[in-house]
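Text of the file model37.txt, holding compact mmCIF, N, CA and C atoms:
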```
# COMPACT_ATOMS: atom_id res chain seq x y z
N MET O 295 130.69 -56.28 71.06
CA MET O 295 129.44 -56.17 70.35
C MET O 295 129.65 -55.30 69.12
N PHE O 296 129.10 -55.75 67.99
CA PHE O 296 129.32 -55.09 66.71
C PHE O 296 128.11 -54.22 66.35
N TYR O 297 128.31 -52.93 66.09
CA TYR O 297 127.25 -52.01 65.70
C TYR O 297 127.49 -51.55 64.27
N ASN O 298 126.47 -51.64 63.54
CA ASN O 298 126.52 -51.12 62.18
C ASN O 298 126.20 -49.63 62.25
N PHE O 299 127.01 -48.81 61.59
CA PHE O 299 126.86 -47.36 61.66
C PHE O 299 125.50 -46.92 61.12
N GLU O 300 125.05 -47.51 60.03
CA GLU O 300 123.77 -47.13 59.42
C GLU O 300 122.60 -47.50 60.32
N LEU O 301 122.71 -48.67 60.97
CA LEU O 301 121.67 -49.11 61.88
C LEU O 301 121.59 -48.18 63.10
N LEU O 302 122.72 -47.73 63.56
CA LEU O 302 122.76 -46.83 64.69
C LEU O 302 122.10 -45.49 64.36
N ILE O 303 122.38 -44.96 63.19
CA ILE O 303 121.76 -43.70 62.75
C ILE O 303 120.26 -43.86 62.63
N LEU O 304 119.81 -44.99 62.10
CA LEU O 304 118.40 -45.26 61.96
C LEU O 304 117.70 -45.30 63.31
N LYS O 305 118.31 -45.97 64.28
CA LYS O 305 117.73 -46.05 65.62
C LYS O 305 117.62 -44.68 66.27
N LYS O 306 118.66 -43.87 66.13
CA LYS O 306 118.65 -42.53 66.73
C LYS O 306 117.58 -41.65 66.07
N THR O 307 117.43 -41.76 64.75
CA THR O 307 116.45 -40.96 64.03
C THR O 307 115.03 -41.34 64.46
N ILE O 308 114.77 -42.62 64.57
CA ILE O 308 113.45 -43.07 64.99
C ILE O 308 113.14 -42.60 66.41
N PHE O 309 114.13 -42.69 67.29
CA PHE O 309 113.92 -42.24 68.66
C PHE O 309 113.63 -40.75 68.71
N PHE O 310 114.37 -39.97 67.90
CA PHE O 310 114.18 -38.52 67.90
C PHE O 310 112.78 -38.14 67.40
N PHE O 311 112.34 -38.76 66.32
CA PHE O 311 111.03 -38.41 65.76
C PHE O 311 109.88 -38.99 66.57
N SER O 312 110.11 -40.04 67.33
CA SER O 312 109.03 -40.61 68.13
C SER O 312 108.61 -39.68 69.25
N GLN O 313 109.49 -38.78 69.68
CA GLN O 313 109.13 -37.82 70.71
C GLN O 313 108.13 -36.78 70.19
N PHE O 314 108.18 -36.47 68.88
CA PHE O 314 107.34 -35.42 68.30
C PHE O 314 106.20 -35.98 67.44
N ILE O 315 105.95 -37.26 67.53
CA ILE O 315 104.95 -37.89 66.66
C ILE O 315 103.55 -37.33 66.89
N SER O 316 103.18 -37.03 68.08
CA SER O 316 101.84 -36.50 68.36
C SER O 316 101.66 -35.11 67.76
N GLU O 317 102.75 -34.32 67.70
CA GLU O 317 102.66 -33.00 67.11
C GLU O 317 102.60 -33.07 65.58
N MET O 318 103.21 -34.09 65.01
CA MET O 318 103.25 -34.22 63.55
C MET O 318 101.92 -34.67 62.96
N MET O 319 101.14 -35.38 63.71
CA MET O 319 99.88 -35.89 63.18
C MET O 319 98.86 -34.77 63.11
N GLY O 320 98.21 -34.67 61.98
CA GLY O 320 97.20 -33.63 61.79
C GLY O 320 95.82 -34.25 61.72
N GLU O 321 94.83 -33.40 61.51
CA GLU O 321 93.46 -33.88 61.37
C GLU O 321 93.11 -33.91 59.90
N MET O 322 92.28 -34.84 59.55
CA MET O 322 91.92 -35.01 58.16
C MET O 322 90.88 -33.99 57.72
N PHE O 323 89.98 -33.60 58.58
CA PHE O 323 88.91 -32.66 58.24
C PHE O 323 88.96 -31.45 59.17
N ILE O 324 88.56 -30.34 58.61
CA ILE O 324 88.42 -29.13 59.41
C ILE O 324 86.93 -28.95 59.66
N TYR O 325 86.56 -28.81 60.91
CA TYR O 325 85.16 -28.75 61.26
C TYR O 325 84.64 -27.32 61.12
N HIS O 326 83.50 -27.18 60.46
CA HIS O 326 82.83 -25.90 60.31
C HIS O 326 81.36 -26.09 60.62
N GLU O 327 80.70 -25.00 60.98
CA GLU O 327 79.27 -25.07 61.21
C GLU O 327 78.54 -25.09 59.87
N MET O 328 77.41 -25.74 59.83
CA MET O 328 76.63 -25.82 58.60
C MET O 328 75.98 -24.48 58.32
N PRO O 329 75.99 -24.00 57.07
CA PRO O 329 75.33 -22.73 56.76
C PRO O 329 73.81 -22.90 56.73
N GLU O 330 73.10 -21.78 56.72
CA GLU O 330 71.65 -21.83 56.65
C GLU O 330 71.21 -22.32 55.28
N GLN O 331 70.06 -23.00 55.28
CA GLN O 331 69.52 -23.47 54.02
C GLN O 331 68.99 -22.28 53.23
N PRO O 332 69.33 -22.18 51.93
CA PRO O 332 68.87 -21.02 51.16
C PRO O 332 67.35 -21.05 51.00
N LYS O 333 66.78 -19.87 50.86
CA LYS O 333 65.34 -19.75 50.69
C LYS O 333 64.99 -20.04 49.24
N GLU O 334 63.77 -20.51 49.03
CA GLU O 334 63.32 -20.82 47.67
C GLU O 334 63.10 -19.51 46.92
N ASN O 335 63.76 -19.39 45.78
CA ASN O 335 63.61 -18.14 45.02
C ASN O 335 62.64 -18.35 43.86
N PHE O 336 62.45 -17.32 43.10
CA PHE O 336 61.49 -17.32 42.01
C PHE O 336 61.84 -18.36 40.94
N PHE O 337 63.10 -18.42 40.52
CA PHE O 337 63.50 -19.32 39.44
C PHE O 337 63.41 -20.78 39.84
N LYS O 338 63.72 -21.06 41.09
CA LYS O 338 63.65 -22.43 41.56
C LYS O 338 62.20 -22.92 41.55
N GLY O 339 61.30 -22.09 41.94
CA GLY O 339 59.89 -22.45 41.90
C GLY O 339 59.36 -22.53 40.48
N LEU O 340 59.90 -21.69 39.60
CA LEU O 340 59.45 -21.66 38.21
C LEU O 340 59.90 -22.88 37.44
N PHE O 341 61.15 -23.27 37.62
CA PHE O 341 61.70 -24.38 36.85
C PHE O 341 61.66 -25.70 37.60
N GLY O 342 60.85 -25.83 38.58
CA GLY O 342 60.66 -27.10 39.28
C GLY O 342 61.83 -27.43 40.16
N GLY O 343 61.94 -26.79 41.27
CA GLY O 343 63.05 -26.99 42.17
C GLY O 343 63.00 -28.28 42.95
N GLY O 344 62.12 -29.17 42.66
CA GLY O 344 62.05 -30.42 43.37
C GLY O 344 60.70 -31.06 43.18
N ALA O 345 60.55 -32.24 43.72
CA ALA O 345 59.29 -32.97 43.57
C ALA O 345 58.26 -32.42 44.54
N LYS O 346 57.12 -32.10 44.02
CA LYS O 346 56.02 -31.64 44.86
C LYS O 346 54.89 -32.65 44.73
N SER O 347 54.16 -32.84 45.78
CA SER O 347 53.05 -33.78 45.72
C SER O 347 51.88 -33.12 45.00
N LEU O 348 51.39 -33.78 44.00
CA LEU O 348 50.27 -33.26 43.22
C LEU O 348 49.07 -34.18 43.39
N ASP O 349 47.94 -33.59 43.50
CA ASP O 349 46.71 -34.33 43.68
C ASP O 349 45.99 -34.44 42.34
N ARG O 350 45.34 -35.57 42.09
CA ARG O 350 44.61 -35.76 40.84
C ARG O 350 43.50 -34.73 40.70
N GLU O 351 42.82 -34.45 41.78
CA GLU O 351 41.73 -33.48 41.75
C GLU O 351 42.27 -32.08 41.43
N GLU O 352 43.44 -31.78 41.96
CA GLU O 352 44.06 -30.48 41.71
C GLU O 352 44.43 -30.34 40.23
N LEU O 353 44.88 -31.43 39.62
CA LEU O 353 45.29 -31.38 38.22
C LEU O 353 44.11 -31.40 37.24
N PHE O 354 43.12 -32.27 37.50
CA PHE O 354 42.06 -32.48 36.52
C PHE O 354 40.67 -32.08 37.00
N GLY O 355 40.55 -31.65 38.20
CA GLY O 355 39.23 -31.33 38.75
C GLY O 355 38.75 -29.94 38.36
N GLU O 356 37.76 -29.47 39.12
CA GLU O 356 37.18 -28.16 38.84
C GLU O 356 38.15 -27.02 39.14
N GLN O 357 39.09 -27.24 40.04
CA GLN O 357 40.06 -26.21 40.38
C GLN O 357 40.99 -25.89 39.22
N SER O 358 41.19 -26.86 38.35
CA SER O 358 42.14 -26.66 37.25
C SER O 358 41.59 -25.73 36.19
N GLY O 359 40.29 -25.54 36.15
CA GLY O 359 39.70 -24.64 35.18
C GLY O 359 39.21 -25.37 33.94
N LYS O 360 38.77 -24.60 32.96
CA LYS O 360 38.23 -25.18 31.74
C LYS O 360 39.39 -25.54 30.81
N ALA O 361 39.26 -26.64 30.09
CA ALA O 361 40.31 -27.08 29.17
C ALA O 361 40.40 -26.15 27.97
N ASN O 362 41.56 -25.90 27.53
CA ASN O 362 41.79 -25.05 26.37
C ASN O 362 41.48 -25.86 25.11
N ARG O 363 40.79 -25.27 24.15
CA ARG O 363 40.42 -25.98 22.93
C ARG O 363 41.62 -26.29 22.04
N SER O 364 42.66 -25.52 22.15
CA SER O 364 43.82 -25.76 21.28
C SER O 364 44.74 -26.86 21.81
N VAL O 365 44.43 -27.40 22.97
CA VAL O 365 45.28 -28.44 23.54
C VAL O 365 45.18 -29.73 22.73
N ALA O 366 43.98 -30.16 22.43
CA ALA O 366 43.81 -31.41 21.70
C ALA O 366 43.20 -31.09 20.34
N LYS O 367 44.02 -31.15 19.32
CA LYS O 367 43.55 -30.90 17.96
C LYS O 367 43.50 -32.21 17.21
N HIS O 368 42.61 -32.29 16.27
CA HIS O 368 42.54 -33.46 15.40
C HIS O 368 43.52 -33.26 14.26
N ILE O 369 44.44 -34.19 14.15
CA ILE O 369 45.43 -34.13 13.07
C ILE O 369 44.97 -35.10 11.99
N PRO O 370 44.63 -34.58 10.81
CA PRO O 370 44.12 -35.46 9.77
C PRO O 370 45.21 -36.40 9.27
N GLY O 371 44.82 -37.63 9.05
CA GLY O 371 45.74 -38.64 8.55
C GLY O 371 45.11 -39.35 7.37
N ILE O 372 45.62 -40.52 7.05
CA ILE O 372 45.06 -41.27 5.93
C ILE O 372 43.81 -42.00 6.39
N ASN O 373 42.84 -42.10 5.50
CA ASN O 373 41.60 -42.77 5.87
C ASN O 373 41.68 -44.26 5.51
N ALA O 374 40.61 -44.99 5.74
CA ALA O 374 40.60 -46.44 5.56
C ALA O 374 40.77 -46.82 4.08
N ASP O 375 40.21 -46.05 3.15
CA ASP O 375 40.35 -46.38 1.73
C ASP O 375 41.81 -46.27 1.28
N GLN O 376 42.45 -45.19 1.71
CA GLN O 376 43.86 -45.02 1.33
C GLN O 376 44.73 -46.09 1.97
N LEU O 377 44.39 -46.46 3.20
CA LEU O 377 45.14 -47.50 3.89
C LEU O 377 44.97 -48.84 3.18
N GLY O 378 43.74 -49.16 2.76
CA GLY O 378 43.50 -50.40 2.02
C GLY O 378 44.22 -50.41 0.69
N GLN O 379 44.24 -49.25 0.02
CA GLN O 379 44.94 -49.16 -1.27
C GLN O 379 46.44 -49.37 -1.08
N ARG O 380 47.01 -48.78 -0.03
CA ARG O 380 48.43 -48.98 0.24
C ARG O 380 48.74 -50.45 0.57
N ALA O 381 47.85 -51.07 1.32
CA ALA O 381 48.06 -52.47 1.69
C ALA O 381 48.00 -53.37 0.45
N SER O 382 47.05 -53.12 -0.44
CA SER O 382 46.96 -53.94 -1.65
C SER O 382 48.17 -53.71 -2.56
N THR O 383 48.66 -52.46 -2.63
CA THR O 383 49.86 -52.18 -3.41
C THR O 383 51.06 -52.92 -2.84
N ALA O 384 51.19 -52.90 -1.52
CA ALA O 384 52.30 -53.60 -0.88
C ALA O 384 52.20 -55.10 -1.11
N ALA O 385 50.98 -55.66 -1.04
CA ALA O 385 50.80 -57.09 -1.26
C ALA O 385 51.15 -57.46 -2.70
N SER O 386 50.77 -56.63 -3.67
CA SER O 386 51.09 -56.93 -5.06
C SER O 386 52.60 -56.86 -5.30
N GLU O 387 53.26 -55.92 -4.65
CA GLU O 387 54.72 -55.82 -4.79
C GLU O 387 55.41 -57.04 -4.19
N ILE O 388 54.89 -57.51 -3.07
CA ILE O 388 55.48 -58.70 -2.44
C ILE O 388 55.27 -59.93 -3.32
N SER O 389 54.07 -60.07 -3.90
CA SER O 389 53.82 -61.23 -4.76
C SER O 389 54.68 -61.16 -6.03
N ARG O 390 54.90 -59.95 -6.54
CA ARG O 390 55.75 -59.78 -7.73
C ARG O 390 57.20 -60.17 -7.40
N ALA O 391 57.68 -59.73 -6.24
CA ALA O 391 59.04 -60.08 -5.82
C ALA O 391 59.18 -61.59 -5.62
N HIS O 392 58.13 -62.22 -5.09
CA HIS O 392 58.15 -63.68 -4.90
C HIS O 392 58.20 -64.39 -6.25
N GLN O 393 57.41 -63.92 -7.21
CA GLN O 393 57.40 -64.52 -8.55
C GLN O 393 58.77 -64.38 -9.22
N LEU O 394 59.38 -63.21 -9.10
CA LEU O 394 60.71 -63.01 -9.69
C LEU O 394 61.76 -63.90 -9.03
N ALA O 395 61.64 -64.09 -7.72
CA ALA O 395 62.58 -64.98 -7.03
C ALA O 395 62.41 -66.43 -7.49
N MET O 396 61.16 -66.85 -7.71
CA MET O 396 60.91 -68.21 -8.20
C MET O 396 61.49 -68.39 -9.61
N GLU O 397 61.30 -67.39 -10.50
CA GLU O 397 61.85 -67.47 -11.85
C GLU O 397 63.37 -67.54 -11.81
N ARG O 398 63.97 -66.77 -10.95
CA ARG O 398 65.43 -66.79 -10.82
C ARG O 398 65.90 -68.16 -10.35
N GLY O 399 65.18 -68.76 -9.42
CA GLY O 399 65.54 -70.09 -8.94
C GLY O 399 65.46 -71.12 -10.06
N GLU O 400 64.41 -71.03 -10.90
CA GLU O 400 64.28 -71.96 -12.03
C GLU O 400 65.43 -71.79 -13.01
N LYS O 401 65.80 -70.53 -13.30
CA LYS O 401 66.91 -70.28 -14.22
C LYS O 401 68.22 -70.83 -13.65
N LEU O 402 68.42 -70.66 -12.35
CA LEU O 402 69.63 -71.19 -11.73
C LEU O 402 69.67 -72.72 -11.80
N ASN O 403 68.51 -73.37 -11.62
CA ASN O 403 68.45 -74.83 -11.73
C ASN O 403 68.78 -75.28 -13.15
N MET O 404 68.24 -74.58 -14.16
CA MET O 404 68.54 -74.94 -15.56
C MET O 404 70.03 -74.75 -15.84
N LEU O 405 70.61 -73.68 -15.34
CA LEU O 405 72.03 -73.42 -15.54
C LEU O 405 72.88 -74.51 -14.87
N GLU O 406 72.47 -74.96 -13.72
CA GLU O 406 73.20 -76.02 -13.02
C GLU O 406 73.14 -77.33 -13.80
N GLU O 407 71.97 -77.65 -14.37
CA GLU O 407 71.84 -78.86 -15.18
C GLU O 407 72.71 -78.79 -16.43
N ARG O 408 72.74 -77.62 -17.08
CA ARG O 408 73.58 -77.45 -18.28
C ARG O 408 75.05 -77.60 -17.93
N ALA O 409 75.47 -77.03 -16.81
CA ALA O 409 76.87 -77.15 -16.39
C ALA O 409 77.22 -78.60 -16.09
N GLU O 410 76.31 -79.35 -15.50
CA GLU O 410 76.54 -80.77 -15.20
C GLU O 410 76.66 -81.57 -16.50
N ARG O 411 75.77 -81.27 -17.48
CA ARG O 411 75.83 -81.94 -18.78
C ARG O 411 77.15 -81.66 -19.49
N MET O 412 77.59 -80.40 -19.45
CA MET O 412 78.86 -80.05 -20.09
C MET O 412 80.03 -80.75 -19.42
N ALA O 413 80.00 -80.88 -18.10
CA ALA O 413 81.07 -81.58 -17.38
C ALA O 413 81.10 -83.05 -17.79
N ASN O 414 79.92 -83.67 -17.95
CA ASN O 414 79.86 -85.08 -18.38
C ASN O 414 80.40 -85.24 -19.81
N GLN O 415 80.03 -84.31 -20.70
CA GLN O 415 80.51 -84.37 -22.08
C GLN O 415 82.02 -84.18 -22.13
N ALA O 416 82.56 -83.29 -21.30
CA ALA O 416 84.01 -83.09 -21.25
C ALA O 416 84.71 -84.35 -20.75
N GLN O 417 84.11 -85.03 -19.78
CA GLN O 417 84.68 -86.28 -19.27
C GLN O 417 84.69 -87.35 -20.36
N ASP O 418 83.58 -87.45 -21.12
CA ASP O 418 83.51 -88.41 -22.22
C ASP O 418 84.55 -88.10 -23.29
N PHE O 419 84.69 -86.82 -23.64
CA PHE O 419 85.67 -86.42 -24.64
C PHE O 419 87.09 -86.76 -24.18
N SER O 420 87.36 -86.54 -22.89
CA SER O 420 88.67 -86.86 -22.34
C SER O 420 88.95 -88.36 -22.44
N GLY O 421 87.94 -89.18 -22.13
CA GLY O 421 88.11 -90.64 -22.23
C GLY O 421 88.36 -91.08 -23.67
N THR O 422 87.62 -90.52 -24.63
CA THR O 422 87.79 -90.87 -26.04
C THR O 422 89.17 -90.43 -26.53
N ALA O 423 89.62 -89.24 -26.14
CA ALA O 423 90.94 -88.76 -26.54
C ALA O 423 92.03 -89.65 -25.96
N HIS O 424 91.85 -90.14 -24.75
CA HIS O 424 92.84 -91.02 -24.12
C HIS O 424 92.90 -92.37 -24.86
N GLN O 425 91.73 -92.92 -25.23
CA GLN O 425 91.71 -94.19 -25.98
C GLN O 425 92.39 -94.03 -27.34
N LEU O 426 92.14 -92.93 -28.02
CA LEU O 426 92.76 -92.67 -29.31
C LEU O 426 94.27 -92.53 -29.17
N MET O 427 94.70 -91.90 -28.10
CA MET O 427 96.13 -91.77 -27.87
C MET O 427 96.77 -93.12 -27.63
N LEU O 428 96.10 -93.99 -26.88
CA LEU O 428 96.65 -95.33 -26.62
C LEU O 428 96.70 -96.16 -27.91
N LYS O 429 95.73 -95.98 -28.79
CA LYS O 429 95.68 -96.73 -30.05
C LYS O 429 96.85 -96.36 -30.95
N TYR O 430 97.20 -95.09 -31.05
CA TYR O 430 98.25 -94.64 -31.94
C TYR O 430 99.55 -94.33 -31.21
N LYS O 431 99.70 -94.84 -30.04
CA LYS O 431 100.86 -94.54 -29.21
C LYS O 431 102.15 -95.13 -29.80
N ASP O 432 102.09 -96.37 -30.22
CA ASP O 432 103.30 -97.06 -30.69
C ASP O 432 103.53 -96.91 -32.19
N LYS O 433 102.70 -96.20 -32.91
CA LYS O 433 102.85 -96.06 -34.36
C LYS O 433 103.59 -94.77 -34.68
N LYS O 434 104.32 -94.81 -35.75
CA LYS O 434 105.04 -93.64 -36.24
C LYS O 434 104.11 -92.86 -37.14
N TRP O 435 104.51 -91.65 -37.48
CA TRP O 435 103.66 -90.79 -38.25
C TRP O 435 103.46 -91.30 -39.68
N TYR O 436 104.43 -91.98 -40.19
CA TYR O 436 104.31 -92.48 -41.57
C TYR O 436 103.54 -93.78 -41.63
N GLN O 437 103.23 -94.41 -40.47
CA GLN O 437 102.47 -95.64 -40.46
C GLN O 437 100.97 -95.38 -40.34
N LEU O 438 100.61 -94.18 -40.20
CA LEU O 438 99.19 -93.88 -40.00
C LEU O 438 98.44 -94.00 -41.25
```
Could the structure of this file be written out as structure tokens, please?
Amino acid sequence: MFYNFELLILKKTIFFFSQFISEMMGEMFIYHEMPEQPKENFFKGLFGGGAKSLDREELFGEQSGKANRSVAKHIPGINADQLGQRASTAASEISRAHQLAMERGEKLNMLEERAERMANQAQDFSGTAHQLMLKYKDKKWYQL
């Protein structure tokens, strides 16, 4: 029977450590008793240490006391006349911008028509120059 030396060492090592396997295994957690819950202190109560149930009557009823006059102040804003004036100004600016856009569109259309006319005239000139070249193609300069 043939034994490999490395295999034999491996078998002996496994056998040796298998005897102590129960001692090698540890526990994942260490058990401790739970400490006492801390008492509610002044700061925790002051800064809202948690959700408390509030009653509507407790918040807004007679127990809450009289409302402070400085709680709800009237903040002056723009009145209806100023609002209407701003709206009419905005409408006039929009109509002016629309008119300018329409004028720009008309100018662009005129420019496009002029460019098309120039392209047609250039095509005509090219055709006329080609015909003239064909007419005088076979003539010498002194025959002209």
Item to check | d(atom N of Leu428 in chain O, CA of Glu410 in chain O) in Å | outcome: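 Going from atom N of Leu428 in chain O over to CA of Glu410 in chain O covers 26.3 Å.
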Next on the checklist: To one decimal place in Å, what is the distance between CA of Glu407 in chain O and atom N of Phe419 in chain O?
Outcome noted: 17.3 Å
Please determine an axis-aligned box that encloses all atoms of range 400-403 of chain O listed in the file, with 6 Å added on each side, and express its centre and edge lengths in Å to one decimal as JSON.
```
{"center_x": 67.0, "center_y": -72.8, "center_z": -12.6, "size_x": 17.4, "size_y": 17.0, "size_z": 15.3}
```
